[in-house]
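What follows is the content of start26.txt (compact mmCIF, C-alpha atoms and all ligand atoms).
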```
# COMPACT_ATOMS: atom_id res chain seq x y z
CA MET O 175 -80.51 70.71 37.08
CA SER O 176 -77.28 69.10 38.44
CA SER O 177 -74.14 68.86 36.27
CA VAL O 178 -75.02 66.69 33.30
CA ALA O 179 -73.88 63.11 33.85
CA ARG O 180 -72.53 61.04 30.98
CA VAL O 181 -72.95 57.30 30.37
CA GLN O 182 -72.04 55.26 27.33
CA VAL O 183 -75.53 53.74 26.92
CA GLY O 184 -78.88 55.06 28.10
CA ILE O 185 -81.57 52.34 28.29
CA ILE O 186 -85.27 53.17 28.49
CA GLY O 187 -87.34 50.44 30.20
CA ALA O 188 -86.40 47.90 32.89
CA GLY O 189 -88.42 44.97 31.56
CA PRO O 190 -86.61 41.78 30.55
CA ALA O 191 -84.98 43.38 27.47
CA GLY O 192 -83.64 46.45 29.28
CA LEU O 193 -82.50 44.49 32.31
CA LEU O 194 -80.67 41.88 30.21
CA LEU O 195 -79.05 44.54 28.01
CA GLY O 196 -77.82 46.46 31.05
CA ARG O 197 -76.47 43.27 32.57
CA LEU O 198 -74.53 42.26 29.43
CA LEU O 199 -73.11 45.78 28.99
CA GLY O 200 -72.20 46.07 32.67
CA LEU O 201 -70.31 42.74 32.60
CA ALA O 202 -68.27 44.14 29.68
CA GLY O 203 -67.45 47.31 31.61
CA ILE O 204 -69.73 49.56 29.55
CA SER O 205 -71.37 52.30 31.64
CA PHE O 206 -75.17 52.50 31.38
CA VAL O 207 -78.22 53.91 33.07
CA LEU O 208 -81.66 52.28 33.06
CA LEU O 209 -84.69 54.58 33.33
CA GLU O 210 -87.96 52.81 34.24
CA ARG O 211 -91.39 54.43 34.54
CA GLN O 212 -92.88 51.95 37.02
CA THR O 213 -91.70 50.78 40.44
CA ARG O 214 -89.47 47.72 40.72
CA ALA O 215 -92.27 45.85 42.52
CA HIS O 216 -94.67 46.60 39.65
CA VAL O 217 -92.22 45.37 37.02
CA GLU O 218 -91.50 42.19 38.98
CA SER O 219 -95.20 41.45 39.50
CA ARG O 220 -96.05 41.14 35.80
CA ILE O 221 -97.25 37.72 34.60
CA ARG O 222 -96.05 37.17 31.05
CA ALA O 223 -94.38 34.46 28.97
CA GLY O 224 -92.95 31.18 30.16
CA VAL O 225 -91.17 29.27 27.37
CA LEU O 226 -87.46 29.81 26.62
CA GLU O 227 -85.62 28.79 23.46
CA PRO O 228 -82.13 27.30 23.95
CA GLY O 229 -80.60 30.59 22.68
CA SER O 230 -82.33 32.54 25.45
CA VAL O 231 -81.01 30.20 28.14
CA THR O 232 -77.49 30.60 26.69
CA LEU O 233 -77.81 34.39 26.93
CA LEU O 234 -79.02 34.19 30.53
CA ASP O 235 -76.06 31.91 31.30
CA ALA O 236 -73.71 34.52 29.77
CA ALA O 237 -75.39 37.21 31.88
CA GLY O 238 -74.71 35.16 35.02
CA VAL O 239 -78.38 35.13 36.05
CA SER O 240 -79.39 31.52 35.34
CA ALA O 241 -78.50 29.67 38.57
CA ARG O 242 -82.11 29.58 39.87
CA LEU O 243 -83.41 28.90 36.35
CA HIS O 244 -81.33 25.73 36.14
CA ARG O 245 -82.48 24.69 39.63
CA GLU O 246 -86.20 25.37 39.23
CA SER O 247 -87.10 25.31 35.52
CA LEU O 248 -88.72 22.41 33.67
CA VAL O 249 -87.06 21.05 30.52
CA HIS O 250 -89.62 19.95 27.93
CA GLU O 251 -88.47 17.63 25.14
CA GLY O 252 -91.69 18.10 23.20
CA PHE O 253 -95.18 19.53 23.14
CA GLU O 254 -98.57 18.44 21.78
CA ILE O 255 -100.99 19.83 19.24
CA ALA O 256 -104.53 18.50 19.54
CA TYR O 257 -107.04 18.78 16.71
CA GLY O 258 -110.36 17.82 18.23
CA GLU O 259 -109.70 14.37 19.71
CA GLN O 260 -106.54 13.80 17.60
CA ARG O 261 -103.29 14.40 19.48
CA LEU O 262 -99.91 14.93 17.79
CA ARG O 263 -96.72 15.16 19.82
CA ILE O 264 -93.93 17.24 18.34
CA ASN O 265 -90.78 15.51 19.60
CA LEU O 266 -88.40 18.45 19.79
CA ARG O 267 -85.47 16.38 21.04
CA ALA O 268 -85.77 13.68 18.38
CA LEU O 269 -86.36 16.21 15.58
CA THR O 270 -83.68 18.78 16.52
CA GLY O 271 -81.59 17.50 19.44
CA HIS O 272 -82.87 20.43 21.53
CA ALA O 273 -85.58 21.15 24.11
CA VAL O 274 -87.39 24.19 25.52
CA THR O 275 -87.09 25.48 29.07
CA VAL O 276 -90.25 26.38 31.01
CA TYR O 277 -89.49 29.21 33.44
CA GLY O 278 -91.66 32.28 33.97
CA GLN O 279 -90.63 35.72 32.66
CA THR O 280 -91.58 36.98 36.11
CA GLU O 281 -88.80 34.87 37.62
CA ILE O 282 -86.29 35.98 34.97
CA THR O 283 -87.07 39.62 35.70
CA ARG O 284 -86.56 38.99 39.43
CA ASP O 285 -83.27 37.16 38.81
CA LEU O 286 -81.99 39.99 36.59
CA SER O 287 -83.07 42.68 39.08
CA ALA O 288 -81.30 40.85 41.92
CA GLN O 289 -78.03 40.74 39.96
CA HIS O 290 -78.32 44.42 39.09
CA GLU O 291 -78.89 45.25 42.75
CA ALA O 292 -75.85 43.18 43.77
CA ALA O 293 -73.75 44.94 41.12
CA GLY O 294 -74.97 48.41 42.19
CA SER O 295 -76.35 49.13 38.72
CA GLN O 296 -77.74 52.61 38.01
CA ILE O 297 -81.47 51.86 37.60
CA LEU O 298 -83.91 54.70 38.30
CA TYR O 299 -87.42 53.37 38.97
CA GLY O 300 -90.37 55.77 39.00
CA CYS O 301 -88.95 57.99 36.25
CA GLU O 302 -91.28 60.48 34.62
CA ALA O 303 -91.15 62.41 31.36
CA VAL O 304 -88.33 60.32 29.91
CA THR O 305 -87.39 62.05 26.65
CA PRO O 306 -84.75 60.95 24.10
CA LEU O 307 -83.05 63.96 22.45
CA ASP O 308 -80.34 64.74 19.84
CA LEU O 309 -80.61 61.31 18.25
CA THR O 310 -78.54 62.37 15.23
CA GLY O 311 -76.12 64.68 17.06
CA ARG O 312 -72.56 64.04 18.24
CA ALA O 313 -74.06 62.61 21.43
CA ALA O 314 -77.61 61.79 22.43
CA ARG O 315 -79.36 63.10 25.51
CA LEU O 316 -81.86 61.37 27.81
CA ARG O 317 -83.98 63.85 29.75
CA TYR O 318 -86.16 62.68 32.65
CA ARG O 319 -87.66 63.63 35.97
CA TRP O 320 -86.99 61.54 39.07
CA GLN O 321 -88.15 62.18 42.60
CA GLY O 322 -89.36 65.60 41.49
CA GLN O 323 -85.95 66.57 40.07
CA ALA O 324 -85.50 67.22 36.34
CA ASP O 325 -82.18 65.94 34.99
CA GLU O 326 -80.55 64.39 31.95
CA PHE O 327 -77.77 62.07 30.81
CA VAL O 328 -75.49 62.54 27.83
CA CYS O 329 -75.08 59.17 26.09
CA ASP O 330 -73.17 57.76 23.16
CA TYR O 331 -76.18 55.55 22.37
CA LEU O 332 -79.77 55.11 23.52
CA VAL O 333 -81.76 51.88 23.44
CA GLY O 334 -85.55 51.84 23.59
CA CYS O 335 -86.48 48.74 25.60
CA ASP O 336 -89.71 50.43 26.66
CA GLY O 337 -92.25 48.11 25.09
CA TYR O 338 -95.06 48.62 22.59
CA HIS O 339 -96.42 51.74 24.35
CA GLY O 340 -93.03 53.25 25.09
CA VAL O 341 -91.61 56.69 24.34
CA ALA O 342 -88.55 55.67 22.28
CA ARG O 343 -90.34 54.70 19.05
CA ALA O 344 -92.88 57.49 19.61
CA SER O 345 -90.05 60.04 19.73
CA LEU O 346 -88.88 59.21 16.21
CA PRO O 347 -89.84 61.58 13.38
CA ALA O 348 -92.75 60.17 11.35
CA ALA O 349 -90.48 59.84 8.32
CA GLY O 350 -87.94 57.96 10.44
CA VAL O 351 -89.98 54.87 11.25
CA ARG O 352 -92.61 52.71 9.55
CA ASN O 353 -95.03 50.90 11.89
CA ILE O 354 -96.30 47.77 10.14
CA GLU O 355 -99.21 46.19 12.00
CA ARG O 356 -101.76 43.42 11.72
CA ALA O 357 -104.64 43.12 14.22
CA TYR O 358 -106.06 39.62 14.71
CA PRO O 359 -109.81 39.42 15.53
CA VAL O 360 -109.19 37.51 18.76
CA SER O 361 -107.59 37.85 22.21
CA TRP O 362 -106.08 35.37 24.63
CA LEU O 363 -107.85 35.08 27.98
CA GLY O 364 -105.17 33.85 30.39
CA VAL O 365 -105.51 32.31 33.84
CA LEU O 366 -102.75 31.49 36.33
CA ALA O 367 -103.80 28.96 38.99
CA ASP O 368 -102.10 27.10 41.80
CA ALA O 369 -103.19 23.71 40.47
CA PRO O 370 -101.08 20.92 38.96
CA PRO O 371 -100.79 21.14 35.15
CA VAL O 372 -103.21 18.85 33.35
CA THR O 373 -100.50 17.56 30.94
CA PRO O 374 -96.77 16.98 31.49
CA GLU O 375 -95.92 19.14 28.42
CA LEU O 376 -97.62 22.09 26.71
CA LEU O 377 -100.79 21.24 24.79
CA TYR O 378 -102.01 23.54 21.98
CA ALA O 379 -105.65 22.53 21.38
CA SER O 380 -107.46 23.44 18.15
CA HIS O 381 -111.24 23.04 18.49
CA PRO O 382 -114.37 24.24 16.64
CA ARG O 383 -115.21 26.31 19.75
CA GLY O 384 -111.79 27.97 19.59
CA PHE O 385 -108.15 27.55 20.64
CA ALA O 386 -107.00 26.57 24.12
CA LEU O 387 -103.47 26.28 25.53
CA CYS O 388 -102.44 24.21 28.55
CA SER O 389 -99.14 25.55 29.89
CA MET O 390 -97.46 25.80 33.26
CA ARG O 391 -94.97 27.61 35.49
CA SER O 392 -94.04 24.63 37.69
CA ARG O 393 -95.42 21.21 38.67
CA THR O 394 -97.86 22.96 41.00
CA ARG O 395 -98.74 26.12 39.06
CA SER O 396 -100.70 26.01 35.78
CA ARG O 397 -101.12 28.60 33.04
CA TYR O 398 -104.12 28.28 30.69
CA TYR O 399 -105.33 30.38 27.77
CA LEU O 400 -108.56 30.52 25.75
CA GLU O 401 -109.04 32.23 22.40
CA VAL O 402 -111.92 34.70 22.80
CA ALA O 403 -113.39 37.39 20.56
CA ALA O 404 -111.42 40.63 20.71
CA THR O 405 -114.54 42.36 22.08
CA GLN O 406 -114.73 40.18 25.23
CA THR O 407 -114.07 41.61 28.71
CA LEU O 408 -112.70 40.00 31.88
CA GLU O 409 -116.02 40.62 33.63
CA GLU O 410 -117.68 38.19 31.18
CA TRP O 411 -115.35 35.38 32.31
CA PRO O 412 -115.80 34.31 35.94
CA ASP O 413 -113.56 31.40 36.91
CA GLU O 414 -116.30 28.75 36.54
CA ARG O 415 -117.09 29.79 32.96
CA PHE O 416 -113.38 29.73 32.12
CA TRP O 417 -112.90 26.18 33.42
CA ASP O 418 -116.07 24.90 31.71
CA GLU O 419 -115.00 26.38 28.35
CA LEU O 420 -111.46 25.03 28.72
CA ARG O 421 -112.82 21.52 29.34
CA ALA O 422 -115.08 21.85 26.29
CA ARG O 423 -112.10 22.56 24.03
CA LEU O 424 -109.74 19.85 25.26
CA PRO O 425 -109.59 16.19 24.21
CA ALA O 426 -112.01 14.27 26.48
CA SER O 427 -109.27 12.39 28.34
CA VAL O 428 -107.44 15.65 29.10
CA ALA O 429 -110.61 17.48 30.15
CA ALA O 430 -111.41 14.65 32.55
CA ALA O 431 -108.03 15.04 34.23
CA LEU O 432 -108.21 18.84 34.64
CA VAL O 433 -107.58 20.07 38.18
CA THR O 434 -108.88 23.60 38.66
CA GLY O 435 -108.08 26.19 41.28
CA PRO O 436 -108.84 29.84 41.99
CA ALA O 437 -107.38 32.15 39.36
CA ILE O 438 -104.53 34.06 41.02
CA GLU O 439 -104.20 36.14 37.86
CA LYS O 440 -106.51 36.65 34.90
CA SER O 441 -105.65 38.71 31.81
CA LEU O 442 -106.85 39.54 28.31
CA THR O 443 -104.23 40.05 25.58
CA PRO O 444 -105.27 41.08 22.05
CA LEU O 445 -103.38 39.14 19.38
CA ARG O 446 -101.32 41.53 17.33
CA GLY O 447 -98.50 41.43 14.82
CA PHE O 448 -96.37 44.58 14.76
CA VAL O 449 -92.93 45.51 13.41
CA ALA O 450 -91.19 48.89 13.41
CA GLU O 451 -88.81 49.51 10.50
CA PRO O 452 -85.95 50.29 10.76
CA LEU O 453 -84.77 49.43 14.31
CA ARG O 454 -82.19 52.19 14.35
CA HIS O 455 -82.46 55.96 14.03
CA GLY O 456 -79.07 57.62 14.46
CA ARG O 457 -77.96 56.99 18.04
CA LEU O 458 -81.24 55.31 19.06
CA PHE O 459 -81.88 51.57 18.73
CA LEU O 460 -85.13 49.70 19.41
CA ALA O 461 -85.22 46.23 21.01
CA GLY O 462 -87.89 43.86 22.30
CA ASP O 463 -91.56 44.84 22.39
CA ALA O 464 -90.58 48.44 21.51
CA ALA O 465 -89.56 47.02 18.12
CA HIS O 466 -92.05 44.21 17.50
CA ILE O 467 -95.03 42.33 18.83
CA VAL O 468 -95.82 38.78 17.68
CA PRO O 469 -98.95 36.70 18.39
CA PRO O 470 -98.09 34.68 21.55
CA THR O 471 -98.95 31.37 19.85
CA GLY O 472 -95.35 30.70 18.88
CA ALA O 473 -93.96 31.72 22.32
CA LYS O 474 -91.70 34.22 20.49
CA GLY O 475 -92.12 37.55 22.31
CA LEU O 476 -89.59 37.11 25.11
CA ASN O 477 -87.19 35.05 22.98
CA LEU O 478 -87.11 37.65 20.19
CA ALA O 479 -86.50 40.37 22.80
CA PHE O 480 -83.55 38.44 24.21
CA ALA O 481 -82.15 37.74 20.73
CA ASP O 482 -82.34 41.47 19.90
CA VAL O 483 -80.50 42.28 23.11
CA GLY O 484 -77.83 39.63 22.55
CA GLU O 485 -77.00 40.98 19.09
CA LEU O 486 -77.17 44.66 20.13
CA ALA O 487 -75.05 44.14 23.26
CA ALA O 488 -72.32 42.43 21.18
CA ALA O 489 -72.41 45.26 18.62
CA LEU O 490 -72.23 48.01 21.26
CA ILE O 491 -69.40 46.27 23.13
CA ALA O 492 -67.45 45.85 19.86
CA TRP O 493 -67.90 49.57 19.09
CA PHE O 494 -66.82 50.75 22.51
CA LYS O 495 -63.86 48.36 22.66
CA THR O 496 -62.58 48.58 19.06
CA GLY O 497 -64.54 51.28 17.20
CA ALA O 498 -65.93 48.60 14.86
CA THR O 499 -69.26 49.75 13.39
CA GLU O 500 -70.26 46.61 11.44
CA GLY O 501 -72.39 45.16 14.24
CA LEU O 502 -74.27 48.41 14.85
CA ASP O 503 -74.86 48.88 11.11
CA ALA O 504 -76.09 45.29 10.70
CA TYR O 505 -78.35 45.23 13.78
CA SER O 506 -81.52 46.53 12.13
CA PRO O 507 -81.45 44.46 8.89
CA ASN O 508 -80.29 41.34 10.76
CA ARG O 509 -82.99 41.57 13.41
CA LEU O 510 -85.75 42.51 10.98
CA ALA O 511 -85.04 39.41 8.88
CA ARG O 512 -85.32 37.24 12.02
CA VAL O 513 -88.38 39.10 13.33
CA TRP O 514 -90.29 38.63 10.07
CA GLN O 515 -89.49 34.90 10.13
CA ALA O 516 -90.91 34.78 13.66
CA GLN O 517 -93.99 36.73 12.51
CA ARG O 518 -94.48 34.22 9.70
CA PHE O 519 -94.20 31.25 12.06
CA ALA O 520 -96.48 32.77 14.72
CA TRP O 521 -99.04 33.65 12.03
CA TRP O 522 -98.88 30.07 10.62
CA LEU O 523 -99.28 28.41 14.05
CA THR O 524 -102.09 30.82 14.93
CA ALA O 525 -103.93 30.08 11.66
CA LEU O 526 -103.48 26.32 12.27
CA THR O 527 -104.95 26.39 15.77
CA HIS O 528 -107.37 29.32 16.05
CA ARG O 529 -110.84 30.04 14.63
CA LEU O 530 -109.99 33.35 12.98
CA THR O 531 -112.95 33.11 10.59
CA ALA O 532 -116.18 31.09 10.40
CA ALA O 533 -115.53 30.21 6.75
CA VAL O 534 -115.94 26.52 5.92
CA PHE O 535 -113.06 26.91 3.44
CA ASP O 536 -110.71 27.95 6.25
CA GLU O 537 -111.92 25.07 8.42
CA ARG O 538 -111.19 22.55 5.64
CA ALA O 539 -107.79 24.10 4.92
CA GLN O 540 -106.95 23.92 8.62
CA ALA O 541 -107.92 20.24 8.79
CA ALA O 542 -105.76 19.57 5.73
CA GLU O 543 -102.84 21.46 7.30
CA PHE O 544 -103.10 19.40 10.48
CA ALA O 545 -103.35 16.14 8.51
CA TYR O 546 -100.25 17.12 6.51
CA LEU O 547 -98.33 18.00 9.68
CA ALA O 548 -99.37 14.76 11.37
CA GLY O 549 -98.24 12.75 8.35
CA CYS O 550 -94.98 14.50 7.49
CA THR O 551 -91.91 14.41 9.74
CA HIS O 552 -90.27 17.09 7.57
CA ALA O 553 -93.17 19.42 8.38
CA GLN O 554 -92.83 18.51 12.05
CA GLN O 555 -89.08 19.23 11.90
CA SER O 556 -89.77 22.62 10.34
CA LEU O 557 -92.25 23.36 13.13
CA ALA O 558 -89.78 22.18 15.78
CA GLU O 559 -86.89 24.28 14.40
CA ASN O 560 -89.04 27.41 14.26
CA TYR O 561 -90.50 26.81 17.73
CA LEU O 562 -86.96 26.51 19.12
CA GLY O 563 -85.68 29.54 17.19
CA LEU O 564 -83.12 27.34 15.44
CA SER O 565 -84.15 27.86 11.82
CA SER O 566 -81.93 30.23 9.84
CA VAL O 567 -83.98 29.87 6.64
CA GLY O 568 -84.89 33.36 5.41
CA ALA O 569 -83.01 34.97 8.29
CA THR O 570 -80.35 36.56 6.07
CA PRO O 571 -81.38 40.12 5.24
CA PRO O 572 -82.34 40.49 1.55
CA ARG O 573 -80.17 43.13 -0.18
CA SER O 574 -83.25 45.31 -0.61
CA THR O 575 -83.89 45.58 3.17
CA ARG O 576 -83.54 49.22 4.25
CA SER O 577 -81.29 49.50 7.31
N1 LIG L 601 -90.24 55.59 30.35
C1 LIG L 601 -89.62 54.62 31.08
N2 LIG L 601 -89.99 53.32 31.06
C2 LIG L 601 -91.02 52.97 30.25
C3 LIG L 601 -91.70 53.91 29.44
C4 LIG L 601 -91.27 55.27 29.51
N3 LIG L 601 -91.86 56.22 28.78
N4 LIG L 601 -92.69 53.25 28.74
C5 LIG L 601 -92.61 51.95 29.10
N5 LIG L 601 -91.62 51.77 30.00
C6 LIG L 601 -91.22 50.52 30.66
C7 LIG L 601 -92.39 49.65 31.09
O1 LIG L 601 -92.88 50.04 32.38
C8 LIG L 601 -91.75 48.26 31.11
O2 LIG L 601 -91.21 47.96 32.39
O3 LIG L 601 -90.53 49.73 29.70
C9 LIG L 601 -90.62 48.35 30.08
C10 LIG L 601 -90.93 47.52 28.83
O4 LIG L 601 -90.94 46.14 29.22
P1 LIG L 601 -91.80 45.05 28.37
O5 LIG L 601 -93.07 45.67 27.92
O6 LIG L 601 -91.86 43.81 29.20
O7 LIG L 601 -90.93 44.79 27.05
P2 LIG L 601 -89.56 44.00 26.84
O8 LIG L 601 -88.58 44.29 27.92
O9 LIG L 601 -89.22 44.23 25.43
O10 LIG L 601 -89.95 42.45 27.04
C11 LIG L 601 -90.72 41.77 26.11
O11 LIG L 601 -92.29 41.34 27.80
O12 LIG L 601 -94.46 42.09 27.65
C12 LIG L 601 -93.66 41.01 27.51
O13 LIG L 601 -94.68 39.62 25.88
C13 LIG L 601 -93.63 40.49 26.10
O14 LIG L 601 -92.44 38.57 26.66
C14 LIG L 601 -92.31 39.83 26.03
C15 LIG L 601 -91.44 40.70 26.87
C1 LIG L 602 -97.12 30.62 28.59
O1 LIG L 602 -96.86 29.64 29.35
O2 LIG L 602 -97.41 31.76 29.02
C2 LIG L 602 -97.09 30.41 27.09
C3 LIG L 602 -96.60 29.20 26.60
C4 LIG L 602 -96.58 28.99 25.22
C5 LIG L 602 -97.04 29.98 24.38
C6 LIG L 602 -97.51 31.20 24.86
C7 LIG L 602 -97.55 31.41 26.24
O3 LIG L 602 -97.01 29.75 23.01
```
Would you mind writing the file out in structure tokens?
Ligand code: APR
Ligand code: PHB
Amino acid sequence: MSSVARVQVGIIGAGPAGLLLGRLLGLAGISFVLLERQTRAHVESRIRAGVLEPGSVTLLDAAGVSARLHRESLVHEGFEIAYGEQRLRINLRALTGHAVTVYGQTEITRDLSAQHEAAGSQILYGCEAVTPLDLTGRAARLRYRWQGQADEFVCDYLVGCDGYHGVARASLPAAGVRNIERAYPVSWLGVLADAPPVTPELLYASHPRGFALCSMRSRTRSRYYLEVAATQTLEEWPDERFWDELRARLPASVAAALVTGPAIEKSLTPLRGFVAEPLRHGRLFLAGDAAHIVPPTGAKGLNLAFADVGELAAALIAWFKTGATEGLDAYSPNRLARVWQAQRFAWWLTALTHRLTAAVFDERAQAAEFAYLAGCTHAQQSLAENYLGLSSVGATPPRSTRS
């Protein structure tokens, strides 16, 4: 083992959260290392989210990685919710003065990686046996194996940006973390196709056969999702069956306009709600999917990850520059209050649009919810503010929240 190197922050995981955190710290002159299990090509090939809240774009601007985003992204001033043949447009701009930005997570990851490469950041891809140690000592340690060589870093702080299946949360003592989880009985079957999007904005379709989402990555690349039973497999969904079922769930005029194409990517994602409490254990912090998973209906996953990183980066920079501890102490309660508001919103939008049960009662309640939303601009404004991540209602930690 070579002489033990020291960095101020050790980051586990080079997905969007880890890459953005490293970028923000690096710009502030904070030394960091990023340890990633997969190859860079593997990380940059993942197809994931595609809708950015205004706050996420602001963070990417601050990280100096948004030039291509502003050239190539689509700005959407609203989106639609269809309930059978009824179509309701939520006018984000009129209701809040803001819009969402459509730009794939894949592209964000590539933009962040390119800036790290240009800056000569210390990112080790292909790391094995990454192990956080001494989380409550005078300094933490990050042990790993890379290119067959075992080594470790001494760090002032560690951040687990290693996703739901990562090692950071798993390394905490059982008494140190509470994993609060809800499994939904459905999955999202996603298809990416080089075909023009069927609608100019996103369309969330609620139908007796199940939910469907019409999204996009550009004016020539579409992203579609179908709600399917959690027991379904990809083999049961050849392209033709996917397109037929999508047409069956869309308003007739939209289905008639659908342009299909060969699926260049197909995926199944179980809907899950998960929160780890607290988000700090001594010198280790959790951020992004390592800390929480929300049902994708509200397009919150990536935006919550970026909001975690923005708050944690500011707190770490303040500590290293001034010794102030308030930001680090407030990170967990602050983020948990926000995360639970996002869980509530994603759960509400999922219940409004999906067929989670066959109960007639639930179907009638859903129809009543949609009718209320369609008839009440206040309800639409509440939806718009939550979709954009602008609402601060309930986002102040209650005094009883454990840090
Ligand atoms: N050691 C090192 N790296 C690891 C380990 C480990 N033991 N376990 C996981 N990783 C890496 C993964 O390979 C991945 O690149 O951590 C990274 C975690 O990235 P994400 O799962 O993308 O999580 P995050 O950065 O928080 O981004 C959240 O990604 O999955 C989407 O829907 C999610 O949009 C959300 C966003
Ligand atoms: C996507 O384009 O991948 C997407 C869009 C909106 C969502 C979820 C996923 O709510």
Which of these residues is nearest to O:Tyr546, using all atoms listed in the file: O:Asp503, O:Leu262, O:Leu377, O:Ala348?
O:Leu262
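Comparing the minimum interatomic distances between ligand LIG 602 (chain L) and each of O:Asp463, O:Glu210, O:Glu259, O:Glu375, counting all atoms listed in the file, we find that O:Glu375 sits nearest.
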What is the atom CA of O:Arg415 to atom CA of O:Pro359 distance in Å?
21.2 Å
Around (-88.3, 24.1, 16.6) in the file's frame, which residues reach within 9 Å when counting all atoms listed in the file? Return as a PyMOL selection string?
chain O and resi 227+266+269-270+272-274+554-565
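In this structure, atom CA of O:Val304 sits 7.4 Å away from atom CA of O:Val341.
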Compile a residue-level contact table for chain O against ligand LIG 601 (chain L) at a cut-off of 6 Å, reporting for every qualifying residue the shortest atom pair and its distance in Å to one decimal, with all atoms listed in the file counted, rows ordered by chain and ascending number, as JSON lines.
```
{"residue": "O:Ile186", "atom": "CA", "partner": "L:LIG601", "partner_atom": "C1", "distance": 5.3}
{"residue": "O:Gly187", "atom": "CA", "partner": "L:LIG601", "partner_atom": "O3", "distance": 3.3}
{"residue": "O:Ala188", "atom": "CA", "partner": "L:LIG601", "partner_atom": "O2", "distance": 4.8}
{"residue": "O:Gly189", "atom": "CA", "partner": "L:LIG601", "partner_atom": "O4", "distance": 3.6}
{"residue": "O:Pro190", "atom": "CA", "partner": "L:LIG601", "partner_atom": "O8", "distance": 4.1}
{"residue": "O:Ala191", "atom": "CA", "partner": "L:LIG601", "partner_atom": "O8", "distance": 3.7}
{"residue": "O:Gly192", "atom": "CA", "partner": "L:LIG601", "partner_atom": "O8", "distance": 5.6}
{"residue": "O:Leu209", "atom": "CA", "partner": "L:LIG601", "partner_atom": "C1", "distance": 5.4}
{"residue": "O:Glu210", "atom": "CA", "partner": "L:LIG601", "partner_atom": "N2", "distance": 3.8}
{"residue": "O:Arg211", "atom": "CA", "partner": "L:LIG601", "partner_atom": "C1", "distance": 3.9}
{"residue": "O:Gln212", "atom": "CA", "partner": "L:LIG601", "partner_atom": "O1", "distance": 5.0}
{"residue": "O:Val217", "atom": "CA", "partner": "L:LIG601", "partner_atom": "O2", "distance": 5.4}
{"residue": "O:Arg222", "atom": "CA", "partner": "L:LIG601", "partner_atom": "C12", "distance": 5.7}
{"residue": "O:Ala223", "atom": "CA", "partner": "L:LIG601", "partner_atom": "O14", "distance": 5.1}
{"residue": "O:Val304", "atom": "CA", "partner": "L:LIG601", "partner_atom": "N1", "distance": 5.1}
{"residue": "O:Cys335", "atom": "CA", "partner": "L:LIG601", "partner_atom": "O9", "distance": 5.3}
{"residue": "O:Asp336", "atom": "CA", "partner": "L:LIG601", "partner_atom": "O3", "distance": 3.2}
{"residue": "O:Gly337", "atom": "CA", "partner": "L:LIG601", "partner_atom": "O5", "distance": 3.8}
{"residue": "O:His339", "atom": "CA", "partner": "L:LIG601", "partner_atom": "N4", "distance": 6.0}
{"residue": "O:Gly340", "atom": "CA", "partner": "L:LIG601", "partner_atom": "N4", "distance": 3.7}
{"residue": "O:Val341", "atom": "CA", "partner": "L:LIG601", "partner_atom": "N3", "distance": 4.5}
{"residue": "O:Gly462", "atom": "CA", "partner": "L:LIG601", "partner_atom": "O9", "distance": 3.4}
{"residue": "O:Asp463", "atom": "CA", "partner": "L:LIG601", "partner_atom": "O9", "distance": 3.9}
{"residue": "O:Ala464", "atom": "CA", "partner": "L:LIG601", "partner_atom": "O9", "distance": 5.9}
{"residue": "O:Gly475", "atom": "CA", "partner": "L:LIG601", "partner_atom": "C14", "distance": 4.4}
{"residue": "O:Leu476", "atom": "CA", "partner": "L:LIG601", "partner_atom": "O14", "distance": 3.6}
{"residue": "O:Ala479", "atom": "CA", "partner": "L:LIG601", "partner_atom": "O9", "distance": 5.4}
```
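Using only C-alpha atoms, the smallest distance between any of O:Phe385, O:Phe459, O:Tyr277, O:Tyr299 and O:Ser506 comes from O:Phe459.
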